[in-house]
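*Asks:* Sharing query_16.txt here; it has compact mmCIF, N, CA and C atoms.
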# COMPACT_ATOMS: atom_id res chain seq x y z
N MET A 15 0.85 -1.18 0.00
CA MET A 15 0.00 0.00 0.00
C MET A 15 0.89 1.24 0.00
N GLN A 16 0.57 2.15 -0.89
CA GLN A 16 1.38 3.35 -1.01
C GLN A 16 1.06 4.33 0.12
N GLU A 17 2.02 5.20 0.35
CA GLU A 17 1.85 6.19 1.42
C GLU A 17 0.66 7.12 1.14
N SER A 18 0.42 7.46 -0.11
CA SER A 18 -0.71 8.32 -0.45
C SER A 18 -2.03 7.63 -0.12
N ASP A 19 -2.08 6.31 -0.31
CA ASP A 19 -3.29 5.55 0.04
C ASP A 19 -3.51 5.55 1.55
N LYS A 20 -2.43 5.39 2.30
CA LYS A 20 -2.54 5.43 3.76
C LYS A 20 -3.03 6.80 4.22
N LEU A 21 -2.46 7.84 3.62
CA LEU A 21 -2.91 9.20 3.97
C LEU A 21 -4.36 9.41 3.60
N ALA A 22 -4.78 8.86 2.46
CA ALA A 22 -6.18 8.99 2.04
C ALA A 22 -7.11 8.29 3.03
N GLN A 23 -6.69 7.13 3.53
CA GLN A 23 -7.50 6.44 4.54
C GLN A 23 -7.58 7.25 5.83
N LEU A 24 -6.46 7.79 6.24
CA LEU A 24 -6.47 8.64 7.43
C LEU A 24 -7.36 9.87 7.23
N GLU A 25 -7.33 10.41 6.02
CA GLU A 25 -8.16 11.57 5.71
C GLU A 25 -9.64 11.22 5.80
N ARG A 26 -10.02 10.03 5.31
CA ARG A 26 -11.41 9.60 5.39
C ARG A 26 -11.86 9.45 6.84
N ILE A 27 -11.00 8.86 7.65
CA ILE A 27 -11.32 8.71 9.08
C ILE A 27 -11.45 10.10 9.73
N ALA A 28 -10.53 10.98 9.39
CA ALA A 28 -10.57 12.34 9.94
C ALA A 28 -11.85 13.06 9.49
N ARG A 29 -12.27 12.83 8.25
CA ARG A 29 -13.52 13.45 7.76
C ARG A 29 -14.71 12.96 8.56
N ILE A 30 -14.75 11.68 8.85
CA ILE A 30 -15.86 11.12 9.64
C ILE A 30 -15.88 11.76 11.03
N LYS A 31 -14.70 11.84 11.65
CA LYS A 31 -14.62 12.47 12.98
C LYS A 31 -15.02 13.94 12.91
N ALA A 32 -14.58 14.62 11.85
CA ALA A 32 -14.91 16.03 11.69
C ALA A 32 -16.42 16.21 11.52
N GLU A 33 -17.04 15.34 10.73
CA GLU A 33 -18.49 15.42 10.55
C GLU A 33 -19.22 15.22 11.87
N GLN A 34 -18.74 14.27 12.68
CA GLN A 34 -19.36 14.03 13.99
C GLN A 34 -19.22 15.26 14.88
N GLU A 35 -18.04 15.84 14.90
CA GLU A 35 -17.82 17.03 15.74
C GLU A 35 -18.65 18.21 15.23
N LEU A 36 -18.75 18.37 13.91
CA LEU A 36 -19.54 19.46 13.36
C LEU A 36 -21.02 19.28 13.68
N LYS A 37 -21.51 18.04 13.63
CA LYS A 37 -22.91 17.79 13.99
C LYS A 37 -23.14 18.08 15.47
N ARG A 38 -22.20 17.66 16.30
CA ARG A 38 -22.30 17.92 17.73
C ARG A 38 -22.30 19.42 18.00
N PHE A 39 -21.41 20.13 17.32
CA PHE A 39 -21.35 21.58 17.48
C PHE A 39 -22.62 22.25 16.98
N ALA A 40 -23.16 21.78 15.86
CA ALA A 40 -24.39 22.37 15.32
C ALA A 40 -25.55 22.20 16.30
N ALA A 41 -25.65 21.03 16.91
CA ALA A 41 -26.71 20.81 17.90
C ALA A 41 -26.50 21.71 19.11
N PHE A 42 -25.26 21.83 19.56
CA PHE A 42 -24.96 22.68 20.70
C PHE A 42 -25.23 24.14 20.34
N SER A 43 -24.87 24.52 19.13
CA SER A 43 -25.09 25.89 18.68
C SER A 43 -26.58 26.23 18.65
N LEU A 44 -27.39 25.28 18.21
CA LEU A 44 -28.84 25.50 18.20
C LEU A 44 -29.35 25.68 19.62
N HIS A 45 -28.89 24.84 20.53
CA HIS A 45 -29.30 24.95 21.93
C HIS A 45 -28.85 26.28 22.52
N MET A 46 -27.63 26.71 22.20
CA MET A 46 -27.10 27.98 22.70
C MET A 46 -27.91 29.15 22.14
N THR A 47 -28.24 29.09 20.87
CA THR A 47 -29.03 30.16 20.24
C THR A 47 -30.41 30.26 20.89
N GLN A 48 -31.02 29.12 21.16
CA GLN A 48 -32.33 29.13 21.81
C GLN A 48 -32.24 29.75 23.21
N ALA A 49 -31.21 29.42 23.95
CA ALA A 49 -31.02 29.98 25.30
C ALA A 49 -30.79 31.49 25.21
N GLN A 50 -30.00 31.92 24.24
CA GLN A 50 -29.76 33.36 24.06
C GLN A 50 -31.04 34.08 23.65
N ASN A 51 -31.84 33.45 22.80
CA ASN A 51 -33.11 34.05 22.38
C ASN A 51 -34.09 34.16 23.54
N ARG A 52 -34.13 33.13 24.41
CA ARG A 52 -34.98 33.20 25.60
C ARG A 52 -34.56 34.36 26.50
N ALA A 53 -33.26 34.50 26.70
CA ALA A 53 -32.76 35.60 27.53
C ALA A 53 -33.10 36.95 26.90
N ALA A 54 -32.96 37.05 25.59
CA ALA A 54 -33.29 38.31 24.91
C ALA A 54 -34.77 38.62 25.02
N ALA A 55 -35.62 37.61 24.90
CA ALA A 55 -37.07 37.83 25.03
C ALA A 55 -37.42 38.28 26.43
N MET A 56 -36.78 37.69 27.42
CA MET A 56 -37.04 38.10 28.81
C MET A 56 -36.54 39.51 29.07
N ARG A 57 -35.41 39.86 28.48
CA ARG A 57 -34.87 41.21 28.60
C ARG A 57 -35.84 42.22 27.99
N THR A 58 -36.40 41.87 26.85
CA THR A 58 -37.38 42.75 26.18
C THR A 58 -38.64 42.90 27.02
N ALA A 59 -39.12 41.79 27.55
CA ALA A 59 -40.33 41.84 28.39
C ALA A 59 -40.10 42.69 29.62
N LEU A 60 -38.96 42.56 30.23
CA LEU A 60 -38.65 43.35 31.42
C LEU A 60 -38.53 44.83 31.06
N ASP A 61 -37.88 45.10 29.93
CA ASP A 61 -37.74 46.49 29.48
C ASP A 61 -39.11 47.11 29.21
N GLN A 62 -40.00 46.35 28.59
CA GLN A 62 -41.34 46.86 28.29
C GLN A 62 -42.13 47.14 29.56
N SER A 63 -41.94 46.31 30.57
CA SER A 63 -42.68 46.53 31.81
C SER A 63 -42.24 47.82 32.48
N TYR A 64 -40.98 48.20 32.33
CA TYR A 64 -40.50 49.45 32.93
C TYR A 64 -40.80 50.66 32.06
N ARG A 65 -41.04 50.47 30.79
CA ARG A 65 -41.32 51.59 29.88
C ARG A 65 -42.80 52.00 29.89
N SER A 66 -43.63 51.19 30.48
CA SER A 66 -45.06 51.51 30.51
C SER A 66 -45.28 52.79 31.31
N SER A 67 -46.01 53.72 30.70
CA SER A 67 -46.24 55.01 31.37
C SER A 67 -47.70 55.19 31.75
N ALA A 68 -48.50 54.15 31.61
CA ALA A 68 -49.93 54.25 31.96
C ALA A 68 -50.07 54.37 33.47
N PRO A 69 -51.00 55.22 33.92
CA PRO A 69 -51.22 55.34 35.36
C PRO A 69 -51.83 54.04 35.90
N LEU A 70 -51.37 53.63 37.07
CA LEU A 70 -51.80 52.37 37.66
C LEU A 70 -52.41 52.62 39.03
N SER A 71 -53.39 51.80 39.35
CA SER A 71 -53.91 51.83 40.72
C SER A 71 -52.89 51.11 41.61
N VAL A 72 -53.09 51.15 42.89
CA VAL A 72 -52.17 50.49 43.82
C VAL A 72 -52.13 48.99 43.55
N ALA A 73 -53.29 48.39 43.33
CA ALA A 73 -53.36 46.95 43.07
C ALA A 73 -52.65 46.62 41.75
N GLU A 74 -52.87 47.42 40.72
CA GLU A 74 -52.22 47.20 39.43
C GLU A 74 -50.70 47.39 39.55
N ALA A 75 -50.29 48.37 40.33
CA ALA A 75 -48.86 48.60 40.54
C ALA A 75 -48.22 47.41 41.23
N ARG A 76 -48.90 46.82 42.20
CA ARG A 76 -48.38 45.64 42.90
C ARG A 76 -48.23 44.47 41.92
N ILE A 77 -49.25 44.28 41.09
CA ILE A 77 -49.20 43.20 40.10
C ILE A 77 -48.06 43.43 39.11
N ALA A 78 -47.94 44.68 38.63
CA ALA A 78 -46.87 45.01 37.69
C ALA A 78 -45.50 44.81 38.33
N ASN A 79 -45.39 45.19 39.60
CA ASN A 79 -44.12 45.02 40.31
C ASN A 79 -43.80 43.53 40.47
N ALA A 80 -44.79 42.74 40.79
CA ALA A 80 -44.58 41.28 40.94
C ALA A 80 -44.16 40.67 39.61
N GLN A 81 -44.80 41.10 38.52
CA GLN A 81 -44.45 40.58 37.20
C GLN A 81 -43.03 40.99 36.81
N ALA A 82 -42.68 42.24 37.12
CA ALA A 82 -41.32 42.71 36.82
C ALA A 82 -40.29 41.92 37.63
N GLY A 83 -40.59 41.64 38.87
CA GLY A 83 -39.69 40.85 39.71
C GLY A 83 -39.51 39.44 39.17
N ARG A 84 -40.62 38.83 38.76
CA ARG A 84 -40.55 37.49 38.18
C ARG A 84 -39.75 37.52 36.87
N SER A 85 -39.98 38.53 36.06
CA SER A 85 -39.24 38.65 34.80
C SER A 85 -37.75 38.83 35.07
N ALA A 86 -37.41 39.62 36.08
CA ALA A 86 -36.00 39.84 36.42
C ALA A 86 -35.34 38.54 36.90
N ARG A 87 -36.05 37.77 37.72
CA ARG A 87 -35.50 36.48 38.18
C ARG A 87 -35.33 35.52 37.00
N ASP A 88 -36.33 35.46 36.14
CA ASP A 88 -36.23 34.58 34.96
C ASP A 88 -35.07 35.00 34.06
N LEU A 89 -34.90 36.30 33.90
CA LEU A 89 -33.81 36.81 33.07
C LEU A 89 -32.46 36.44 33.69
N ARG A 90 -32.35 36.60 34.99
CA ARG A 90 -31.09 36.26 35.66
C ARG A 90 -30.79 34.76 35.48
N GLN A 91 -31.80 33.91 35.59
CA GLN A 91 -31.59 32.47 35.40
C GLN A 91 -31.21 32.15 33.96
N ALA A 92 -31.87 32.80 33.02
CA ALA A 92 -31.56 32.56 31.60
C ALA A 92 -30.14 33.01 31.27
N GLU A 93 -29.73 34.15 31.80
CA GLU A 93 -28.37 34.62 31.54
C GLU A 93 -27.34 33.72 32.22
N ALA A 94 -27.68 33.20 33.40
CA ALA A 94 -26.77 32.27 34.08
C ALA A 94 -26.64 30.98 33.27
N GLU A 95 -27.73 30.52 32.68
CA GLU A 95 -27.69 29.31 31.86
C GLU A 95 -26.78 29.52 30.65
N VAL A 96 -26.90 30.67 30.01
CA VAL A 96 -26.05 30.98 28.86
C VAL A 96 -24.58 31.03 29.30
N ALA A 97 -24.33 31.66 30.45
CA ALA A 97 -22.96 31.75 30.95
C ALA A 97 -22.39 30.37 31.28
N ARG A 98 -23.22 29.48 31.82
CA ARG A 98 -22.76 28.12 32.12
C ARG A 98 -22.46 27.34 30.85
N MET A 99 -23.21 27.58 29.79
CA MET A 99 -23.04 26.84 28.54
C MET A 99 -21.85 27.35 27.73
N LEU A 100 -21.48 28.59 27.93
CA LEU A 100 -20.47 29.22 27.08
C LEU A 100 -19.12 28.49 27.04
N PRO A 101 -18.55 28.05 28.17
CA PRO A 101 -17.27 27.33 28.07
C PRO A 101 -17.38 26.03 27.26
N ARG A 102 -18.46 25.28 27.45
CA ARG A 102 -18.63 24.05 26.67
C ARG A 102 -18.88 24.37 25.20
N PHE A 103 -19.58 25.45 24.93
CA PHE A 103 -19.84 25.87 23.56
C PHE A 103 -18.52 26.22 22.86
N ASP A 104 -17.68 26.99 23.54
CA ASP A 104 -16.38 27.35 22.97
C ASP A 104 -15.51 26.12 22.74
N ALA A 105 -15.54 25.18 23.69
CA ALA A 105 -14.77 23.95 23.54
C ALA A 105 -15.28 23.13 22.36
N ALA A 106 -16.59 23.04 22.19
CA ALA A 106 -17.16 22.30 21.06
C ALA A 106 -16.78 22.95 19.73
N ARG A 107 -16.75 24.28 19.72
CA ARG A 107 -16.36 24.99 18.49
C ARG A 107 -14.88 24.71 18.18
N ARG A 108 -14.03 24.76 19.19
CA ARG A 108 -12.60 24.47 18.98
C ARG A 108 -12.39 23.03 18.50
N ASP A 109 -13.11 22.08 19.12
CA ASP A 109 -12.99 20.67 18.71
C ASP A 109 -13.40 20.48 17.27
N ALA A 110 -14.51 21.09 16.88
CA ALA A 110 -14.98 20.95 15.50
C ALA A 110 -13.98 21.57 14.53
N ALA A 111 -13.46 22.74 14.87
CA ALA A 111 -12.49 23.40 13.99
C ALA A 111 -11.20 22.57 13.89
N ARG A 112 -10.76 22.01 15.01
CA ARG A 112 -9.54 21.20 15.00
C ARG A 112 -9.71 19.96 14.13
N GLU A 113 -10.84 19.26 14.29
CA GLU A 113 -11.07 18.04 13.50
C GLU A 113 -11.21 18.37 12.02
N PHE A 114 -11.88 19.47 11.71
CA PHE A 114 -12.02 19.87 10.32
C PHE A 114 -10.65 20.22 9.74
N GLY A 115 -9.85 20.95 10.50
CA GLY A 115 -8.50 21.31 10.05
C GLY A 115 -7.63 20.09 9.84
N ARG A 116 -7.74 19.12 10.74
CA ARG A 116 -6.98 17.89 10.61
C ARG A 116 -7.33 17.18 9.31
N ALA A 117 -8.62 17.10 9.01
CA ALA A 117 -9.05 16.44 7.77
C ALA A 117 -8.53 17.18 6.55
N GLU A 118 -8.55 18.50 6.59
CA GLU A 118 -8.07 19.29 5.46
C GLU A 118 -6.56 19.11 5.26
N VAL A 119 -5.81 19.07 6.35
CA VAL A 119 -4.36 18.87 6.25
C VAL A 119 -4.07 17.50 5.66
N LEU A 120 -4.76 16.48 6.14
CA LEU A 120 -4.54 15.14 5.60
C LEU A 120 -4.92 15.05 4.13
N LEU A 121 -5.97 15.76 3.74
CA LEU A 121 -6.35 15.79 2.33
C LEU A 121 -5.24 16.42 1.49
N SER A 122 -4.70 17.53 1.92
CA SER A 122 -3.65 18.19 1.14
C SER A 122 -2.36 17.35 1.14
N LEU A 123 -2.03 16.71 2.27
CA LEU A 123 -0.85 15.84 2.30
C LEU A 123 -1.03 14.65 1.36
N SER A 124 -2.21 14.07 1.37
CA SER A 124 -2.50 12.94 0.49
C SER A 124 -2.38 13.35 -0.97
N ALA A 125 -2.95 14.50 -1.30
CA ALA A 125 -2.89 14.98 -2.69
C ALA A 125 -1.45 15.28 -3.09
N ALA A 126 -0.69 15.88 -2.20
CA ALA A 126 0.71 16.20 -2.50
C ALA A 126 1.52 14.91 -2.68
N ARG A 127 1.30 13.93 -1.81
CA ARG A 127 2.02 12.67 -1.90
C ARG A 127 1.66 11.95 -3.19
N ARG A 128 0.37 11.97 -3.56
CA ARG A 128 -0.08 11.33 -4.79
C ARG A 128 0.58 11.99 -6.00
N ALA A 129 0.67 13.31 -5.97
CA ALA A 129 1.33 14.02 -7.07
C ALA A 129 2.81 13.66 -7.15
N ASP A 130 3.45 13.54 -5.98
CA ASP A 130 4.86 13.14 -5.96
C ASP A 130 5.05 11.74 -6.52
N GLU A 131 4.12 10.83 -6.18
CA GLU A 131 4.24 9.45 -6.63
C GLU A 131 4.02 9.33 -8.14
N LYS A 132 3.19 10.22 -8.69
CA LYS A 132 2.91 10.18 -10.14
C LYS A 132 3.94 10.94 -10.95
N ALA A 133 4.71 11.77 -10.28
CA ALA A 133 5.71 12.57 -10.99
C ALA A 133 6.79 11.65 -11.55
N PRO A 134 7.29 11.98 -12.73
CA PRO A 134 8.35 11.14 -13.32
C PRO A 134 9.63 11.25 -12.49
N ARG A 135 10.32 10.13 -12.39
CA ARG A 135 11.57 10.10 -11.63
C ARG A 135 12.74 10.04 -12.59
N TYR A 136 13.70 10.86 -12.36
CA TYR A 136 14.88 10.91 -13.25
C TYR A 136 16.09 10.44 -12.51
Can you give me the file's structure in the form of structure tokens?

*Replies:*
Amino acid sequence: MQESDKLAQLERIARIKAEQELKRFAAFSLHMTQAQNRAAAMRTALDQSYRSSAPLSVAEARIANAQAGRSARDLRQAEAEVARMLPRFDAARRDAAREFGRAEVLLSLSAARRADEKAPRY
């Protein structure tokens, strides 16, 4: 078996690993985006509750205050969830990039070796 064939086999294995890492990262990215969108929606809801300028009765003010407090707690939890996910998200992105890069390097090495093997020898 020629060295270019061995490199091609390694490249195929690296491609499979890269595809797995990219799929894992894509799923994680979707989950991260959803968490960020939830936090953004809660931030918007909280902002809207404070921007309301309609006069309120005491009972309405208490209800609005309770809702704002609940929104603030939910927002804090959502932001904490995003912060907890961020290190794993960055690690998944690095892993996917590393595996993809490895596959690309093996592809170029295999192609270069194949070209060397086909080149005429003098």

*Asks:* Under the rule that only N, CA and C atoms are counted, which of A:Met99, A:Ala68, A:Leu121, A:Ala133 is the nearest residue to Leu21 in chain A?

*Replies:* A:Leu121

*Asks:* What does the distance between atom C of Thr58 in chain A and atom N of Ala97 in chain A come to in Å, to one decimal place?

*Replies:*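 Taking atom C of Thr58 in chain A and atom N of Ala97 in chain A, their separation equals 18.5 Å.
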
*Asks:* Considering all atoms listed in the file, state which residue in the set A:Ser18, A:Ser67, A:Ser85, A:Asn51 is at the smallest distance from Ser124 in chain A.

*Replies:* A:Ser18

*Asks:* Could you tell me which of A:Leu89, A:Ala110, A:Ala126, A:Ala105 comes closest to Ala53 in chain A if we count only N, CA and C atoms?

*Replies:*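 Counting only N, CA and C atoms, the residue closest to Ala53 in chain A is A:Leu89.
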
*Asks:* Could you work out how far atom N of Arg65 in chain A lies from CA of Gln81 in chain A, giving the answer in Å with one decimal?

*Replies:*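 Those two atoms sit 12.3 Å apart.
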